[in-house]
Amino acid sequence: MLILVGLGFGIYAASKSIDYTWRWERIPQYIINTEATTVRAPFDGTATLEKGNQLVVTSDYGDDPLILNKFDTLLVSNGDLVFEGDPLVEIENWNIGPLTWGLVMTLQLSVVSLVFAVVIGLFAGLARLSSNPALRYLSITYIELIGGTPLLV
């Protein structure tokens, strides 16, 4: 118990000697990302705002017009000339951040690994109990090799 208390005090004292300011307000963007997506003009043309909330960009070269029905922020005015790559509108959306994506991927890999581990373990266990000497010795070799791998690593 004295060793654990001493270890805890040592970690606390070491962390106090580090001059670091935690910026916890930066963490949520890595869990849920609320950054707006910008839609850019695919060609040169003229932007016109039509009835309702519809932005139409007509091409100077006769291409099909770009029609945007749903957007949150309009970045051009009615009659503006736009060039290829100019921002037209912003669409606010919620996406999972990299930490949440990592959690989802970890859970998926864990489920797939568990299924494979159960199947391989079942076959190795049944082969170990088999009366066939080839299967039994092969499974013993496999179990000893896999069981000893963490010690080797």
# chains A, B, ... in the order shown; residues from 1 in each chain; ligands from 1

$ select_by_dssp --residues "region 17-110 of chain A" --states "strand (DSSP E or B)" --output "ChimeraX atom specification"
/A:32-33,37-40,45-50,54-59,66-68,73-74,81-82,87-91,95-96

$ write_last_selection --atoms "N, CA and C atoms" --output "mmCIF file, in the first residue's frame"
data_model
loop_
_atom_site.group_PDB
_atom_site.id
_atom_site.type_symbol
_atom_site.label_atom_id
_atom_site.label_comp_id
_atom_site.auth_asym_id
_atom_site.auth_seq_id
_atom_site.Cartn_x
_atom_site.Cartn_y
_atom_site.Cartn_z
ATOM 1 N N ILE A 32 -17.147 15.148 -32.396
ATOM 2 C CA ILE A 32 -18.198 15.462 -33.366
ATOM 3 C C ILE A 32 -17.771 16.720 -34.112
ATOM 4 N N ASN A 33 -17.698 16.629 -35.425
ATOM 5 C CA ASN A 33 -17.255 17.734 -36.258
ATOM 6 C C ASN A 33 -18.474 18.465 -36.817
ATOM 7 N N THR A 37 -19.615 22.594 -44.828
ATOM 8 C CA THR A 37 -19.053 22.186 -46.107
ATOM 9 C C THR A 37 -19.295 23.299 -47.117
ATOM 10 N N THR A 38 -18.258 23.691 -47.828
ATOM 11 C CA THR A 38 -18.365 24.756 -48.823
ATOM 12 C C THR A 38 -18.553 24.142 -50.202
ATOM 13 N N VAL A 39 -19.599 24.602 -50.915
ATOM 14 C CA VAL A 39 -19.828 24.171 -52.294
ATOM 15 C C VAL A 39 -19.201 25.226 -53.191
ATOM 16 N N ARG A 40 -18.340 24.768 -54.100
ATOM 17 C CA ARG A 40 -17.619 25.685 -54.984
ATOM 18 C C ARG A 40 -18.144 25.570 -56.414
ATOM 19 N N GLY A 45 -19.377 31.362 -64.611
ATOM 20 C CA GLY A 45 -20.766 31.643 -64.948
ATOM 21 C C GLY A 45 -21.329 32.781 -64.139
ATOM 22 N N THR A 46 -22.666 32.835 -64.102
ATOM 23 C CA THR A 46 -23.394 33.876 -63.401
ATOM 24 C C THR A 46 -24.328 33.224 -62.382
ATOM 25 N N ALA A 47 -24.320 33.767 -61.163
ATOM 26 C CA ALA A 47 -25.165 33.245 -60.094
ATOM 27 C C ALA A 47 -26.441 34.063 -60.015
ATOM 28 N N THR A 48 -27.561 33.372 -60.010
ATOM 29 C CA THR A 48 -28.854 34.044 -59.844
ATOM 30 C C THR A 48 -29.636 33.328 -58.753
ATOM 31 N N LEU A 49 -30.271 34.148 -57.910
ATOM 32 C CA LEU A 49 -31.094 33.606 -56.829
ATOM 33 C C LEU A 49 -32.533 33.627 -57.311
ATOM 34 N N GLU A 50 -33.132 32.430 -57.420
ATOM 35 C CA GLU A 50 -34.494 32.335 -57.929
ATOM 36 C C GLU A 50 -35.462 32.116 -56.788
ATOM 37 N N GLN A 54 -33.350 28.970 -53.932
ATOM 38 C CA GLN A 54 -32.706 28.198 -54.987
ATOM 39 C C GLN A 54 -31.667 29.070 -55.677
ATOM 40 N N LEU A 55 -30.436 28.571 -55.707
ATOM 41 C CA LEU A 55 -29.343 29.257 -56.387
ATOM 42 C C LEU A 55 -29.057 28.521 -57.682
ATOM 43 N N VAL A 56 -29.048 29.277 -58.791
ATOM 44 C CA VAL A 56 -28.764 28.694 -60.102
ATOM 45 C C VAL A 56 -27.522 29.380 -60.647
ATOM 46 N N VAL A 57 -26.540 28.577 -61.013
ATOM 47 C CA VAL A 57 -25.329 29.107 -61.641
ATOM 48 C C VAL A 57 -25.337 28.655 -63.087
ATOM 49 N N THR A 58 -25.483 29.628 -64.016
ATOM 50 C CA THR A 58 -25.482 29.308 -65.443
ATOM 51 C C THR A 58 -24.081 29.464 -65.990
ATOM 52 N N SER A 59 -23.688 28.533 -66.816
ATOM 53 C CA SER A 59 -22.328 28.485 -67.349
ATOM 54 C C SER A 59 -22.154 29.456 -68.504
ATOM 55 N N LEU A 66 -25.853 24.678 -62.705
ATOM 56 C CA LEU A 66 -25.751 24.095 -61.368
ATOM 57 C C LEU A 66 -26.892 24.666 -60.540
ATOM 58 N N ILE A 67 -27.723 23.773 -59.991
ATOM 59 C CA ILE A 67 -28.878 24.198 -59.195
ATOM 60 C C ILE A 67 -28.680 23.696 -57.771
ATOM 61 N N LEU A 68 -28.686 24.630 -56.828
ATOM 62 C CA LEU A 68 -28.538 24.295 -55.410
ATOM 63 C C LEU A 68 -29.807 24.675 -54.683
ATOM 64 N N THR A 73 -25.885 28.981 -45.787
ATOM 65 C CA THR A 73 -25.325 30.321 -45.917
ATOM 66 C C THR A 73 -25.031 30.598 -47.380
ATOM 67 N N LEU A 74 -25.555 31.690 -47.885
ATOM 68 C CA LEU A 74 -25.308 32.102 -49.261
ATOM 69 C C LEU A 74 -24.087 33.007 -49.285
ATOM 70 N N LEU A 81 -20.854 37.462 -60.951
ATOM 71 C CA LEU A 81 -20.043 36.617 -61.822
ATOM 72 C C LEU A 81 -19.212 35.712 -60.929
ATOM 73 N N VAL A 82 -19.218 34.433 -61.222
ATOM 74 C CA VAL A 82 -18.427 33.489 -60.442
ATOM 75 C C VAL A 82 -17.451 32.787 -61.372
ATOM 76 N N PRO A 87 -16.286 30.046 -53.879
ATOM 77 C CA PRO A 87 -17.284 29.486 -52.953
ATOM 78 C C PRO A 87 -18.660 30.083 -53.228
ATOM 79 N N LEU A 88 -19.668 29.214 -53.274
ATOM 80 C CA LEU A 88 -21.034 29.647 -53.553
ATOM 81 C C LEU A 88 -21.897 29.641 -52.294
ATOM 82 N N VAL A 89 -21.961 28.501 -51.632
ATOM 83 C CA VAL A 89 -22.792 28.349 -50.442
ATOM 84 C C VAL A 89 -22.063 27.483 -49.426
ATOM 85 N N GLU A 90 -22.547 27.548 -48.190
ATOM 86 C CA GLU A 90 -22.061 26.660 -47.137
ATOM 87 C C GLU A 90 -23.229 25.840 -46.621
ATOM 88 N N ILE A 91 -22.960 24.559 -46.382
ATOM 89 C CA ILE A 91 -23.972 23.654 -45.845
ATOM 90 C C ILE A 91 -23.462 23.153 -44.502
ATOM 91 N N ASN A 95 -20.744 15.637 -38.617
ATOM 92 C CA ASN A 95 -20.030 14.415 -38.962
ATOM 93 C C ASN A 95 -19.325 13.905 -37.723
ATOM 94 N N ILE A 96 -19.068 12.608 -37.692
ATOM 95 C CA ILE A 96 -18.297 12.094 -36.564
ATOM 96 C C ILE A 96 -16.847 12.504 -36.750
#

$ atom_distance --atom1 "CA of Leu135 (chain A)" --atom2 "CA of Val112 (chain A)"
26.0 Å

$ closest_residue --among "A:Ala124, A:Ser17, A:Trp101, A:Phe116" --to "Glu144 (chain A)" --atoms "only C-alpha atoms"
A:Ala124

$ atom_distance --atom1 "CA of Ala127 (chain A)" --atom2 "CA of Ser113 (chain A)"
20.8 Å

$ residues_around --residues "region 136-142 of chain A" --least-positions-apart "2" --cutoff "12 Å" --atoms "only C-alpha atoms" --output "list in words"
Ile120, Gly121, Leu122, Phe123, Ala124, Gly125, Leu126, Ala127, Arg128, Leu129, Ser130, Ser131, Asn132, Pro133, Ala134, Glu144, Leu145, Ile146, Gly147, Gly148 and Thr149 of chain A

$ select_by_dssp --residues "region 7-74 of chain A" --states "alpha helix (DSSP H)" --output "list in words"
Leu7, Gly8, Phe9, Gly10, Ile11, Tyr12, Ala13, Ala14, Ser15, Lys16, Ser17, Pro28, Gln29, Tyr30 and Ile31 of chain A

$ decode --residues "region 52-100 of chain A" --atoms "N, CA and C atoms" --output "tab-separated table (two decimals), in the first residue's frame"
chain	number	residue	atom	x	y	z
A	52	GLY	N	-37.84	31.27	-53.86
A	52	GLY	CA	-37.52	30.44	-52.69
A	52	GLY	C	-36.04	30.55	-52.35
A	53	ASN	N	-35.48	29.45	-52.04
A	53	ASN	CA	-34.07	29.40	-51.66
A	53	ASN	C	-33.31	28.57	-52.68
A	54	GLN	N	-33.35	28.97	-53.93
A	54	GLN	CA	-32.71	28.20	-54.99
A	54	GLN	C	-31.67	29.07	-55.68
A	55	LEU	N	-30.44	28.57	-55.71
A	55	LEU	CA	-29.34	29.26	-56.39
A	55	LEU	C	-29.06	28.52	-57.68
A	56	VAL	N	-29.05	29.28	-58.79
A	56	VAL	CA	-28.76	28.69	-60.10
A	56	VAL	C	-27.52	29.38	-60.65
A	57	VAL	N	-26.54	28.58	-61.01
A	57	VAL	CA	-25.33	29.11	-61.64
A	57	VAL	C	-25.34	28.66	-63.09
A	58	THR	N	-25.48	29.63	-64.02
A	58	THR	CA	-25.48	29.31	-65.44
A	58	THR	C	-24.08	29.46	-65.99
A	59	SER	N	-23.69	28.53	-66.82
A	59	SER	CA	-22.33	28.48	-67.35
A	59	SER	C	-22.15	29.46	-68.50
A	60	ASP	N	-20.96	30.01	-68.62
A	60	ASP	CA	-20.63	30.88	-69.75
A	60	ASP	C	-20.34	30.07	-71.01
A	61	TYR	N	-20.16	28.75	-70.86
A	61	TYR	CA	-19.74	27.91	-71.98
A	61	TYR	C	-20.84	26.95	-72.44
A	62	GLY	N	-22.06	27.13	-71.94
A	62	GLY	CA	-23.17	26.31	-72.39
A	62	GLY	C	-23.33	24.99	-71.65
A	63	ASP	N	-22.61	24.80	-70.55
A	63	ASP	CA	-22.78	23.58	-69.75
A	63	ASP	C	-24.13	23.61	-69.05
A	64	ASP	N	-24.53	22.46	-68.53
A	64	ASP	CA	-25.77	22.40	-67.76
A	64	ASP	C	-25.64	23.28	-66.53
A	65	PRO	N	-26.71	23.99	-66.15
A	65	PRO	CA	-26.61	24.87	-64.98
A	65	PRO	C	-26.51	24.07	-63.68
A	66	LEU	N	-25.85	24.68	-62.70
A	66	LEU	CA	-25.75	24.10	-61.37
A	66	LEU	C	-26.89	24.67	-60.54
A	67	ILE	N	-27.72	23.77	-59.99
A	67	ILE	CA	-28.88	24.20	-59.20
A	67	ILE	C	-28.68	23.70	-57.77
A	68	LEU	N	-28.69	24.63	-56.83
A	68	LEU	CA	-28.54	24.30	-55.41
A	68	LEU	C	-29.81	24.67	-54.68
A	69	ASN	N	-30.48	23.68	-54.11
A	69	ASN	CA	-31.75	23.91	-53.43
A	69	ASN	C	-31.59	24.08	-51.93
A	70	LYS	N	-30.74	23.28	-51.32
A	70	LYS	CA	-30.63	23.29	-49.86
A	70	LYS	C	-29.24	23.80	-49.46
A	71	PHE	N	-29.23	24.90	-48.77
A	71	PHE	CA	-27.98	25.45	-48.24
A	71	PHE	C	-28.31	26.31	-47.04
A	72	ASP	N	-27.29	26.56	-46.21
A	72	ASP	CA	-27.51	27.34	-44.99
A	72	ASP	C	-27.02	28.77	-45.12
A	73	THR	N	-25.89	28.98	-45.79
A	73	THR	CA	-25.32	30.32	-45.92
A	73	THR	C	-25.03	30.60	-47.38
A	74	LEU	N	-25.56	31.69	-47.88
A	74	LEU	CA	-25.31	32.10	-49.26
A	74	LEU	C	-24.09	33.01	-49.28
A	75	LEU	N	-23.11	32.69	-50.12
A	75	LEU	CA	-21.86	33.45	-50.16
A	75	LEU	C	-21.75	34.35	-51.38
A	76	VAL	N	-22.73	34.31	-52.28
A	76	VAL	CA	-22.73	35.17	-53.47
A	76	VAL	C	-24.04	35.95	-53.50
A	77	SER	N	-24.07	37.01	-54.30
A	77	SER	CA	-25.29	37.81	-54.45
A	77	SER	C	-25.93	37.51	-55.80
A	78	ASN	N	-27.15	37.97	-55.95
A	78	ASN	CA	-27.88	37.77	-57.20
A	78	ASN	C	-27.19	38.53	-58.33
A	79	GLY	N	-26.85	37.83	-59.41
A	79	GLY	CA	-26.20	38.45	-60.56
A	79	GLY	C	-24.69	38.47	-60.51
A	80	ASP	N	-24.09	37.91	-59.49
A	80	ASP	CA	-22.62	37.90	-59.39
A	80	ASP	C	-22.00	37.02	-60.46
A	81	LEU	N	-20.85	37.46	-60.95
A	81	LEU	CA	-20.04	36.62	-61.82
A	81	LEU	C	-19.21	35.71	-60.93
A	82	VAL	N	-19.22	34.43	-61.22
A	82	VAL	CA	-18.43	33.49	-60.44
A	82	VAL	C	-17.45	32.79	-61.37
A	83	PHE	N	-16.32	32.45	-60.83
A	83	PHE	CA	-15.30	31.74	-61.58
A	83	PHE	C	-15.12	30.35	-60.97
A	84	GLU	N	-14.57	29.46	-61.73
A	84	GLU	CA	-14.38	28.09	-61.27
A	84	GLU	C	-13.61	28.07	-59.96
A	85	GLY	N	-14.17	27.41	-58.95
A	85	GLY	CA	-13.53	27.30	-57.65
A	85	GLY	C	-13.99	28.34	-56.64
A	86	ASP	N	-14.79	29.32	-57.06
A	86	ASP	CA	-15.31	30.32	-56.12
A	86	ASP	C	-16.31	29.66	-55.17
A	87	PRO	N	-16.29	30.05	-53.88
A	87	PRO	CA	-17.28	29.49	-52.95
A	87	PRO	C	-18.66	30.08	-53.23
A	88	LEU	N	-19.67	29.21	-53.27
A	88	LEU	CA	-21.03	29.65	-53.55
A	88	LEU	C	-21.90	29.64	-52.29
A	89	VAL	N	-21.96	28.50	-51.63
A	89	VAL	CA	-22.79	28.35	-50.44
A	89	VAL	C	-22.06	27.48	-49.43
A	90	GLU	N	-22.55	27.55	-48.19
A	90	GLU	CA	-22.06	26.66	-47.14
A	90	GLU	C	-23.23	25.84	-46.62
A	91	ILE	N	-22.96	24.56	-46.38
A	91	ILE	CA	-23.97	23.65	-45.84
A	91	ILE	C	-23.46	23.15	-44.50
A	92	GLU	N	-24.24	23.45	-43.46
A	92	GLU	CA	-23.86	23.00	-42.12
A	92	GLU	C	-24.30	21.56	-41.93
A	93	ASN	N	-23.38	20.74	-41.44
A	93	ASN	CA	-23.71	19.34	-41.19
A	93	ASN	C	-22.89	18.83	-40.01
A	94	TRP	N	-23.32	17.72	-39.49
A	94	TRP	CA	-22.64	17.08	-38.37
A	94	TRP	C	-22.02	15.79	-38.88
A	95	ASN	N	-20.74	15.64	-38.62
A	95	ASN	CA	-20.03	14.41	-38.96
A	95	ASN	C	-19.33	13.91	-37.72
A	96	ILE	N	-19.07	12.61	-37.69
A	96	ILE	CA	-18.30	12.09	-36.56
A	96	ILE	C	-16.85	12.50	-36.75
A	97	GLY	N	-16.19	12.80	-35.64
A	97	GLY	CA	-14.80	13.22	-35.69
A	97	GLY	C	-13.86	12.03	-35.72
A	98	PRO	N	-12.57	12.29	-35.79
A	98	PRO	CA	-11.60	11.20	-35.89
A	98	PRO	C	-11.57	10.29	-34.68
A	99	LEU	N	-11.79	10.82	-33.48
A	99	LEU	CA	-11.81	9.95	-32.30
A	99	LEU	C	-13.01	9.02	-32.32
A	100	THR	N	-14.17	9.53	-32.71
A	100	THR	CA	-15.36	8.69	-32.79
A	100	THR	C	-15.22	7.67	-33.91
